[in-house]
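**Student:** Have a look at this one.
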Amino acid sequence: MPNIKIFSGSSHQDLSQKIADRLGLELGKVVTKKFSNQETCVEIGESVRGEDVYIVQSGCGEINDNLMELLIMINACKIASASRVTAVIPCFPYARQDKKDKSRAPISAKLVANMLSVSGADHIITMDLHASQIQGFFDIPVDNLYAEPAVLKWIKENIPEWKNCTIVSPDAGGAKRVTSIADRLNVDFALIHKERKKANEVDRMVLVGDVKDRVAILVDDMADTCGTVCHAVDKLISAGAVKVYAILTHGIFSGPAISRINNACFEAAGVMMLKIQLCITGIHFFFKYIQIENYFFKL
């Protein structure tokens, strides 16, 4: 398979190895290290001249270090005469800061887009962006893959009462996502309007829709500290839902997230961990479809 090189950042080496195994390729040689002052240093260990390079690095874990490492890797490949450099970023960093929602607030997602472009990226592949308009921040091609087909399959296979369910968005921003899923399942949908005192802290919630005597299925793109999701569960239970499931594309689970999930009234929480299946066309490869591996917290 000529002209293709796959390199892994330090954020998710298992995912990179699975992609390489699926393609029958070896991961490219790269060494990442830090100087004593915590500067990131990247050394590409093989020639990439004229190659189609793919760099897999997700926006999770040590997000700032991982982002800087990705930018350096892209630039190192570009100035080493790579033909094309594609950044595969399953969880896009700073995606929640996508608009100026108050005075003097930054639009950090746009800044990240500029940094990726300036570093030399020719193409971005990501999944379930927090806001679809982030694609417009780039002047290069962006493929935003959706988890919806796998979510529909999971619901039908794992929730016996899915025909008597209501799909719920834990915030207004996810309304389009849940209405699409509800239409495909031919069931009702609801949403929860939330007000925050500050970041990662929900003040109060208002349910718009009916979940009484129904199974409620919360669908969201991201769960960080899980405060929103757990507050939403309490709201749905108090509104008469008989069971509550949660389906989350990006399970970040920072801070008190796990303890909050363990103490919440979930029937189950399905965390969609990305496994990417690829196919080859000529000397380029692209995402054929997304296969989801399901992890459950039985509560």
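Starting from 1 in every chain, residues are counted up; chains themselves are A, B, ... following the order of the structure tokens, and ligands are numbered from 1 as listed.
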Would you mind listing, for every residue of range 3-86 of chain A within 8 Å of range 121-125 of chain A, the two atoms forming the shortest contact and the distance between them in Å to one decimal, using only C-alpha atoms, sorted by chain and ascending residue number, as a tab-separated table?

**Tutor:**
residue	atom	partner	partner_atom	distance
A:Ile74	CA	A:Ala121	CA	6.2
A:Asn75	CA	A:Ala121	CA	7.9
A:Lys78	CA	A:Ala121	CA	8.0
A:Arg84	CA	A:Asp122	CA	6.1
A:Val85	CA	A:Ala121	CA	5.3
A:Thr86	CA	A:His123	CA	4.6

**Student:** Keeping only N, CA, C and O atoms, take the residues you just selected and write them out as a PDB file, in the first residue's frame.

**Tutor:**
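Written file, again.pdb:
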ATOM      1  N   ILE A  74       2.466  17.709  12.741  1.00  0.00           N
ATOM      2  CA  ILE A  74       1.991  18.138  11.420  1.00  0.00           C
ATOM      3  C   ILE A  74       3.061  18.965  10.729  1.00  0.00           C
ATOM      4  O   ILE A  74       3.404  18.735   9.555  1.00  0.00           O
ATOM      5  N   ASN A  75       3.612  19.921  11.462  1.00  0.00           N
ATOM      6  CA  ASN A  75       4.617  20.804  10.872  1.00  0.00           C
ATOM      7  C   ASN A  75       5.886  20.046  10.501  1.00  0.00           C
ATOM      8  O   ASN A  75       6.490  20.293   9.449  1.00  0.00           O
ATOM      9  N   LYS A  78       5.207  18.231   7.326  1.00  0.00           N
ATOM     10  CA  LYS A  78       5.033  19.147   6.194  1.00  0.00           C
ATOM     11  C   LYS A  78       6.375  19.667   5.699  1.00  0.00           C
ATOM     12  O   LYS A  78       6.632  19.703   4.485  1.00  0.00           O
ATOM     13  N   ARG A  84       0.782  15.166   1.543  1.00  0.00           N
ATOM     14  CA  ARG A  84      -0.440  15.637   2.184  1.00  0.00           C
ATOM     15  C   ARG A  84      -0.425  15.183   3.629  1.00  0.00           C
ATOM     16  O   ARG A  84       0.025  14.075   3.930  1.00  0.00           O
ATOM     17  N   VAL A  85      -0.923  16.026   4.522  1.00  0.00           N
ATOM     18  CA  VAL A  85      -0.978  15.679   5.943  1.00  0.00           C
ATOM     19  C   VAL A  85      -2.421  15.789   6.414  1.00  0.00           C
ATOM     20  O   VAL A  85      -3.043  16.855   6.310  1.00  0.00           O
ATOM     21  N   THR A  86      -2.959  14.683   6.914  1.00  0.00           N
ATOM     22  CA  THR A  86      -4.324  14.646   7.442  1.00  0.00           C
ATOM     23  C   THR A  86      -4.275  14.425   8.946  1.00  0.00           C
ATOM     24  O   THR A  86      -3.607  13.499   9.420  1.00  0.00           O
TER      25      THR A  86
END

**Student:** Show which residues sit within 6 Å of Gly240 in chain A, as a list in words. Count only C-alpha atoms, and ignore same-chain residues fewer than 2 positions away.

**Tutor:**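 Final neighbour list, sorted by chain and number: Lys212, Asp213, Ile237 and Ser238 of chain A.
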
**Student:** List as JSON lines every residue of range 67-138 of chain A that is in contact with range 156-179 of chain A, defined as an atom at most 12 Å from one of its atoms (using only C-alpha atoms), together with the nearest atom pair and the distance in Å rounded to one decimal, sorted by chain and then rising number.

**Tutor:**
{"residue": "A:Arg96", "atom": "CA", "partner": "A:Gly173", "partner_atom": "CA", "distance": 10.7}
{"residue": "A:Asp98", "atom": "CA", "partner": "A:Gly173", "partner_atom": "CA", "distance": 11.7}
{"residue": "A:Asp128", "atom": "CA", "partner": "A:Arg177", "partner_atom": "CA", "distance": 9.8}
{"residue": "A:Leu129", "atom": "CA", "partner": "A:Gly174", "partner_atom": "CA", "distance": 10.9}
{"residue": "A:His130", "atom": "CA", "partner": "A:Gly173", "partner_atom": "CA", "distance": 8.5}
{"residue": "A:Ala131", "atom": "CA", "partner": "A:Gly173", "partner_atom": "CA", "distance": 7.9}
{"residue": "A:Ser132", "atom": "CA", "partner": "A:Gly173", "partner_atom": "CA", "distance": 10.5}
{"residue": "A:Gln133", "atom": "CA", "partner": "A:Gly173", "partner_atom": "CA", "distance": 12.0}

**Student:** As an MDAnalysis selection string, please: every residue in range 40-288 of chain A that a backbone DSSP assignment puts in strand (DSSP E).

**Tutor:** chainID A and resid 40:44 52:56 84:89 123:127 142:145 165:169 188:198 201:208 215:223 243:251 268:281 284:288

**Student:** Check the smallest atom-to-atom distance from each of A:Arg49, A:Lys5, A:Lys194, A:Lys18 to Val30 in chain A using only C-alpha atoms, then report the winner.

**Tutor:**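 Looking only at the distances to Val30 in chain A, the closest residue turns out to be A:Lys5.
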
**Student:** With only C-alpha atoms as the basis for distance, which of A:Ala232, A:Leu185, A:Met127, A:Val118 is at the shortest distance from Arg204 in chain A?

**Tutor:**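 Of all the options, A:Ala232 lies closest to Arg204 in chain A.
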
**Student:** From range 61-294 of chain A, collect each residue whose DSSP state is helix (DSSP H, G or I) and return the set as an MDAnalysis selection string.

**Tutor:** chainID A and resid 63:79 108:119 132:137 148:158 162:164 172:185 227:238 257:263

**Student:** What's the 12 Å shell around Leu236 in chain A, counting only C-alpha atoms, without same-chain residues fewer than 3 positions away, as a PyMOL selection string?

**Tutor:** chain A and resi 166-170+190-192+205-218+229-233+239-246+264-266

**Student:** Env of Gln13 in chain A: 9 Å cut, atoms = only C-alpha atoms, seq-sep filter 4 positions within chain, self excluded. Answer as a VMD selection string.

**Tutor:** chain A and resid 8 to 9 17 to 18 56 to 57

**Student:** What would the file look like if the residues just selected were written as a CSV table (one decimal), in the first residue's frame with C-alpha atoms?

**Tutor:**
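Below you can see result_21.csv, which holds the result:
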chain,number,residue,atom,x,y,z
A,8,SER,CA,0.4,8.1,16.4
A,9,GLY,CA,0.4,10.9,18.9
A,17,GLN,CA,-2.5,0.6,16.3
A,18,LYS,CA,-6.0,-0.7,15.5
A,56,VAL,CA,-4.0,10.3,14.9
A,57,GLN,CA,-4.3,12.4,18.0

**Student:** Point out the residue among A:Asp221, A:Asp52, A:Asp101, A:Glu62 with the least atom-to-atom distance to Ile4 in chain A, counting only C-alpha atoms.

**Tutor:** A:Asp52

**Student:** Calculated over only C-alpha atoms, which of the candidates A:Asn186, A:Ser11, A:Ser103, A:Cys77 has the smallest distance to Val48 in chain A?

**Tutor:** A:Cys77

**Student:** Within 10 Å of Ile252 in chain A, counting only C-alpha atoms, which residues qualify if same-chain residues fewer than 3 places away don't, as a VMD selection string?

**Tutor:** chain A and resid 59 to 61 91 222 to 226 248 to 249 255 257 271

**Student:** With distances taken over only C-alpha atoms, which of A:Arg22, A:His250, A:Lys29, A:Arg104 is nearest to Phe92 in chain A?

**Tutor:**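 Ranking A:Arg22, A:His250, A:Lys29, A:Arg104 by distance to Phe92 in chain A, first place goes to A:His250.
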
**Student:** Please provide the set of residues having any atom within 7 Å of Phe137 in chain A, restricted to only C-alpha atoms, with same-chain residues fewer than 3 positions apart removed, written as an MDAnalysis selection string.

**Tutor:** chainID A and resid 110 113 134

**Student:** Go ahead and save the residues from that selection, with C-alpha atoms, as a PDB file, in the first residue's frame.

**Tutor:**
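Full text of again.pdb as output:
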ATOM      1  CA  LYS A 110     -11.553  29.033  15.850  1.00  0.00           C
ATOM      2  CA  ALA A 113      -8.643  25.687  13.642  1.00  0.00           C
ATOM      3  CA  ILE A 134     -16.756  24.545  13.646  1.00  0.00           C
TER       4      ILE A 134
END
